[in-house]
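The structure under discussion appears below in the form of structure tokens.
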Amino acid sequence: MTTSIEMKTPPIVTRQEWEDARQQLLVKEKALTRSRDALAAERRRMPWLSVEKNYEFDGPKGKVSLLGLFEGRRQLIVYRAFFEPGVLGWPDHACRGCSLGADQVSDLSHLNARDTTLAYASRAPQPDIARLKARMGWDLPWYTITDSFDLDFGVDQWHGHNVFYRDGERIFRTYFINNRGDEAMGSTWSYLDITALGRQETWEDSPEGYPQTKPYKWWNWHDSYDAEASPDQKWVKVSDAGEAAFRKRDA
């Protein structure tokens, strides 16, 4: 027999009392946002670790190096997803947690517009990965680990995001998150905030010389980045007004 436990809900209040309570929490929410921005600024000042070993993956078109995973962009985020024999769900599914994460990944064109590539990597062979992606409706680069990449970067036993920066053919590890840090991943902003260059917007506290453009201006429809080299002037006007309003409100 199921026992029903009555929920102890908050009080029911007037509209003004509700708004007062919301304003009290808003102060803390703004403080949290500023703290999150400050933490991201510290990430951009983290020391870098040079990657000296040559790593090789299997991809849809054959062998590819870690450098190749960048797809010519400056930054790379690699998420180690557990899809392989011995993992719950095999061979029909990847790990439930990793699958939940994949379901949350936003359209990658926005990341790509900031010179950043996101890729998944697992131990499963490419035919199994292709089948899984088709079944689940996932459209993201997903490679097969063939060497000690997972062991060397702390993701042989547990999931995690490794962040890399490319300077020509030199590769550097710039950051790493795992455990509950992975929960926040999925949005364009959460990914950019863990990269060495950040969101690359002028309001950010970044080291001197880092690439930055005005906020809002680079935003675009996900199917229009390649078609437009510069933002539409109508959008510039709208975003200018919106930015001014937000800055005034948050001052």
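Convention: chains lettered A, B, ... in structure tokens order; per-chain residue numbering from 1; ligands numbered from 1 as shown.
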Check which residues of range 128-243 of chain A sit at most 10 Å from range 85-96 of chain A using only C-alpha atoms, and return one row each with the closest pair of atoms and their distance in Å to one decimal, ordered by chain and rising number, as a Markdown table.
| residue | atom | partner | partner_atom | distance |
| --- | --- | --- | --- | --- |
| A:Asp128 | CA | A:Pro91 | CA | 7.6 |
| A:Ile129 | CA | A:Ala94 | CA | 9.2 |
| A:Arg131 | CA | A:Asp92 | CA | 8.7 |
| A:Leu132 | CA | A:His93 | CA | 6.7 |
| A:Lys133 | CA | A:His93 | CA | 9.7 |
| A:Arg135 | CA | A:Asp92 | CA | 8.8 |
| A:Met136 | CA | A:His93 | CA | 8.8 |
| A:His159 | CA | A:Cys95 | CA | 9.8 |
Prev. selection, C-alpha atoms, output as a PDB file, in the first residue's frame:
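again.pdb written:
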ATOM      1  CA  ASP A 128      28.199   1.412 -33.408  1.00  0.00           C
ATOM      2  CA  ILE A 129      28.579   5.146 -32.839  1.00  0.00           C
ATOM      3  CA  ARG A 131      24.057   3.589 -35.350  1.00  0.00           C
ATOM      4  CA  LEU A 132      23.619   5.174 -31.911  1.00  0.00           C
ATOM      5  CA  LYS A 133      23.656   8.719 -33.306  1.00  0.00           C
ATOM      6  CA  ARG A 135      18.803   6.167 -33.340  1.00  0.00           C
ATOM      7  CA  MET A 136      19.020   9.024 -30.851  1.00  0.00           C
ATOM      8  CA  HIS A 159      33.069  11.127 -17.782  1.00  0.00           C
TER       9      HIS A 159
END
Which of range 61-220 of chain A end up as strand (DSSP E) when DSSP is run on this backbone - answer as JSON, numbers by chain?
{"A": [62, 63, 64, 65, 75, 76, 77, 78, 79, 80, 116, 117, 118, 119, 120, 121, 122, 142, 143, 144, 145, 160, 161, 162, 163, 164, 165, 166, 167, 170, 171, 172, 173, 174, 175, 176, 177, 178]}
Residue among A:Ser99, A:Ala81, A:Ala38, A:Glu52 lying closest to Glu204 in chain A, counting only C-alpha atoms:
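Smallest distance to Glu204 in chain A is found for A:Ala38.
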So that I can check the secondary structure, give me every residue of range 101-198 of chain A assigned alpha helix (DSSP H) by backbone DSSP, as a PyMOL selection string.
chain A and resi 101-103+108-112+126-136+149-152+188-192
Residues near Trp138 in chain A, anyone? I mean within 12 Å using only C-alpha atoms, not counting same-chain ones fewer than 5 positions away, as a list in words.
Ser99, Leu100, Gly101, Ala102, Asp103, Gln104, Val105, Ser106, Asp107, Leu108, Ala119, Tyr120, Ile129, Ala130, Arg131, Leu132 and Lys133 of chain A
Output file for the residues above (N, CA and C atoms, as a short mmCIF file (atom, residue, chain, number, x, y, z; two decimals), in the first residue's frame):
data_model
loop_
_atom_site.label_atom_id
_atom_site.label_comp_id
_atom_site.auth_asym_id
_atom_site.auth_seq_id
_atom_site.Cartn_x
_atom_site.Cartn_y
_atom_site.Cartn_z
N SER A 99 24.14 10.05 -22.13
CA SER A 99 23.07 10.24 -23.11
C SER A 99 22.23 11.46 -22.76
N LEU A 100 21.98 11.66 -21.47
CA LEU A 100 21.25 12.85 -21.04
C LEU A 100 22.03 14.10 -21.43
N GLY A 101 23.34 14.03 -21.26
CA GLY A 101 24.18 15.17 -21.65
C GLY A 101 24.11 15.43 -23.14
N ALA A 102 24.18 14.37 -23.95
CA ALA A 102 24.11 14.53 -25.41
C ALA A 102 22.78 15.12 -25.84
N ASP A 103 21.71 14.76 -25.13
CA ASP A 103 20.39 15.30 -25.45
C ASP A 103 20.33 16.81 -25.23
N GLN A 104 21.22 17.34 -24.41
CA GLN A 104 21.17 18.76 -24.04
C GLN A 104 22.07 19.64 -24.91
N VAL A 105 22.89 19.03 -25.78
CA VAL A 105 23.84 19.82 -26.57
C VAL A 105 23.10 20.74 -27.53
N SER A 106 23.42 22.03 -27.45
CA SER A 106 22.77 23.01 -28.32
C SER A 106 23.37 22.96 -29.72
N ASP A 107 22.78 23.70 -30.65
CA ASP A 107 23.27 23.71 -32.02
C ASP A 107 24.73 24.17 -32.04
N LEU A 108 25.59 23.36 -32.65
CA LEU A 108 27.02 23.61 -32.58
C LEU A 108 27.50 24.77 -33.44
N ALA A 119 33.46 17.92 -29.46
CA ALA A 119 33.47 16.56 -29.96
C ALA A 119 33.25 15.59 -28.80
N TYR A 120 32.60 14.47 -29.08
CA TYR A 120 32.45 13.38 -28.14
C TYR A 120 33.45 12.28 -28.52
N ILE A 129 28.84 3.73 -33.12
CA ILE A 129 28.58 5.15 -32.84
C ILE A 129 27.62 5.73 -33.87
N ALA A 130 27.83 5.41 -35.14
CA ALA A 130 26.94 5.91 -36.20
C ALA A 130 25.52 5.42 -35.99
N ARG A 131 25.40 4.16 -35.60
CA ARG A 131 24.06 3.59 -35.35
C ARG A 131 23.39 4.28 -34.17
N LEU A 132 24.16 4.52 -33.10
CA LEU A 132 23.62 5.17 -31.91
C LEU A 132 23.17 6.60 -32.23
N LYS A 133 24.01 7.35 -32.96
CA LYS A 133 23.66 8.72 -33.31
C LYS A 133 22.39 8.77 -34.13
#
Tell me which protein, DNA and RNA residues are within 8 Å of Ala41 in chain A, counting only C-alpha atoms, leaving out same-chain ones fewer than 4 positions away, and put them as an MDAnalysis selection string.
chainID A and resid 37 45 198 204:206
Contacts of Phe172 in chain A within 6 Å, only C-alpha atoms, excl. fewer than 3 positions in-chain, as a ChimeraX atom specification:
/A:48-51,164-165
Select, from A:Phe70, A:Trp189, A:Tyr55, A:Phe82, the residue with the minimum atom-to-atom distance to Gly160 in chain A, counting only C-alpha atoms.
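Result for the nearest residue to Gly160 in chain A: A:Phe82.
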Just want the 7 Å neighbourhood of Ser122 in chain A, counted on only C-alpha atoms, with same-chain residues fewer than 6 positions away dropped. Output as an mmCIF file with all heavy atoms, in the first residue's frame.
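Saved the output as selection_39.cif:
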data_model
loop_
_atom_site.group_PDB
_atom_site.id
_atom_site.type_symbol
_atom_site.label_atom_id
_atom_site.label_comp_id
_atom_site.auth_asym_id
_atom_site.auth_seq_id
_atom_site.Cartn_x
_atom_site.Cartn_y
_atom_site.Cartn_z
ATOM 1 N N ARG A 80 34.268 12.888 -22.899
ATOM 2 C CA ARG A 80 34.431 11.437 -22.884
ATOM 3 C C ARG A 80 33.104 10.809 -22.495
ATOM 4 O O ARG A 80 32.678 10.863 -21.337
ATOM 5 C CB ARG A 80 35.516 11.059 -21.883
ATOM 6 C CG ARG A 80 36.192 9.698 -22.069
ATOM 7 C CD ARG A 80 35.324 8.507 -22.061
ATOM 8 N NE ARG A 80 36.149 7.308 -21.846
ATOM 9 C CZ ARG A 80 35.762 6.089 -22.090
ATOM 10 N NH1 ARG A 80 34.543 5.860 -22.564
ATOM 11 N NH2 ARG A 80 36.570 5.067 -21.853
ATOM 12 N N ALA A 81 32.422 10.229 -23.481
ATOM 13 C CA ALA A 81 31.138 9.564 -23.245
ATOM 14 C C ALA A 81 31.349 8.061 -23.145
ATOM 15 O O ALA A 81 32.152 7.493 -23.894
ATOM 16 C CB ALA A 81 30.167 9.883 -24.379
ATOM 17 N N PHE A 82 30.632 7.412 -22.242
ATOM 18 C CA PHE A 82 30.788 5.974 -22.051
ATOM 19 C C PHE A 82 29.777 5.208 -22.898
ATOM 20 O O PHE A 82 28.595 5.117 -22.575
ATOM 21 C CB PHE A 82 30.688 5.624 -20.568
ATOM 22 C CG PHE A 82 31.974 5.851 -19.849
ATOM 23 C CD1 PHE A 82 32.302 7.117 -19.371
ATOM 24 C CD2 PHE A 82 32.915 4.838 -19.711
ATOM 25 C CE1 PHE A 82 33.501 7.363 -18.742
ATOM 26 C CE2 PHE A 82 34.136 5.073 -19.078
ATOM 27 C CZ PHE A 82 34.435 6.330 -18.591
ATOM 28 N N PHE A 83 30.285 4.708 -24.003
ATOM 29 C CA PHE A 83 29.534 3.858 -24.919
ATOM 30 C C PHE A 83 30.498 2.797 -25.420
ATOM 31 O O PHE A 83 31.369 3.061 -26.240
ATOM 32 C CB PHE A 83 28.970 4.686 -26.082
ATOM 33 C CG PHE A 83 28.224 3.871 -27.109
ATOM 34 C CD1 PHE A 83 27.230 2.971 -26.720
ATOM 35 C CD2 PHE A 83 28.499 4.003 -28.460
ATOM 36 C CE1 PHE A 83 26.537 2.223 -27.673
ATOM 37 C CE2 PHE A 83 27.814 3.266 -29.409
ATOM 38 C CZ PHE A 83 26.828 2.374 -29.012
ATOM 39 N N TYR A 143 34.008 10.460 -31.922
ATOM 40 C CA TYR A 143 35.162 9.681 -32.346
ATOM 41 C C TYR A 143 35.398 8.472 -31.440
ATOM 42 O O TYR A 143 34.892 8.409 -30.316
ATOM 43 C CB TYR A 143 36.416 10.565 -32.353
ATOM 44 C CG TYR A 143 36.309 11.737 -33.299
ATOM 45 C CD1 TYR A 143 35.825 12.974 -32.862
ATOM 46 C CD2 TYR A 143 36.676 11.604 -34.629
ATOM 47 C CE1 TYR A 143 35.714 14.051 -33.732
ATOM 48 C CE2 TYR A 143 36.576 12.678 -35.515
ATOM 49 C CZ TYR A 143 36.088 13.890 -35.059
ATOM 50 O OH TYR A 143 35.977 14.953 -35.917
ATOM 51 N N THR A 144 36.199 7.548 -31.953
ATOM 52 C CA THR A 144 36.571 6.344 -31.216
ATOM 53 C C THR A 144 37.979 6.495 -30.651
ATOM 54 O O THR A 144 38.927 6.781 -31.385
ATOM 55 C CB THR A 144 36.523 5.108 -32.123
ATOM 56 O OG1 THR A 144 35.204 4.953 -32.659
ATOM 57 C CG2 THR A 144 36.900 3.851 -31.347
ATOM 58 N N ILE A 145 38.113 6.330 -29.341
ATOM 59 C CA ILE A 145 39.420 6.383 -28.688
ATOM 60 C C ILE A 145 40.170 5.093 -28.992
ATOM 61 O O ILE A 145 39.646 3.992 -28.819
ATOM 62 C CB ILE A 145 39.260 6.544 -27.166
ATOM 63 C CG1 ILE A 145 38.492 7.835 -26.849
ATOM 64 C CG2 ILE A 145 40.620 6.546 -26.477
ATOM 65 C CD1 ILE A 145 38.047 7.941 -25.399
#
Need to verify the contact set: Thr202 in chain A, 6 Å, only C-alpha atoms, exclusion of same-chain residues closer than 6 positions in sequence. Can you return it as a PyMOL selection string?
chain A and resi 212-214
Closest to Lys63 in chain A among A:Gln23, A:Gln126, A:Thr117, A:Ser109, using only C-alpha atoms?
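Among the listed residues, the smallest separation from Lys63 in chain A belongs to A:Gln126.
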d(CA of Asp115 in chain A, CA of Asp240 in chain A) in Å:
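If I compute the distance from CA of Asp115 in chain A to CA of Asp240 in chain A, I get 23.7 Å.
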One-decimal distance in Å that lies between CA of Arg180 in chain A and CA of Leu140 in chain A:
22.2 Å
Atomic distance CA of Glu183 in chain A - CA of Ala113 in chain A, expressed in Å with one decimal
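About the pair CA of Glu183 in chain A and CA of Ala113 in chain A: they are 23.4 Å apart.
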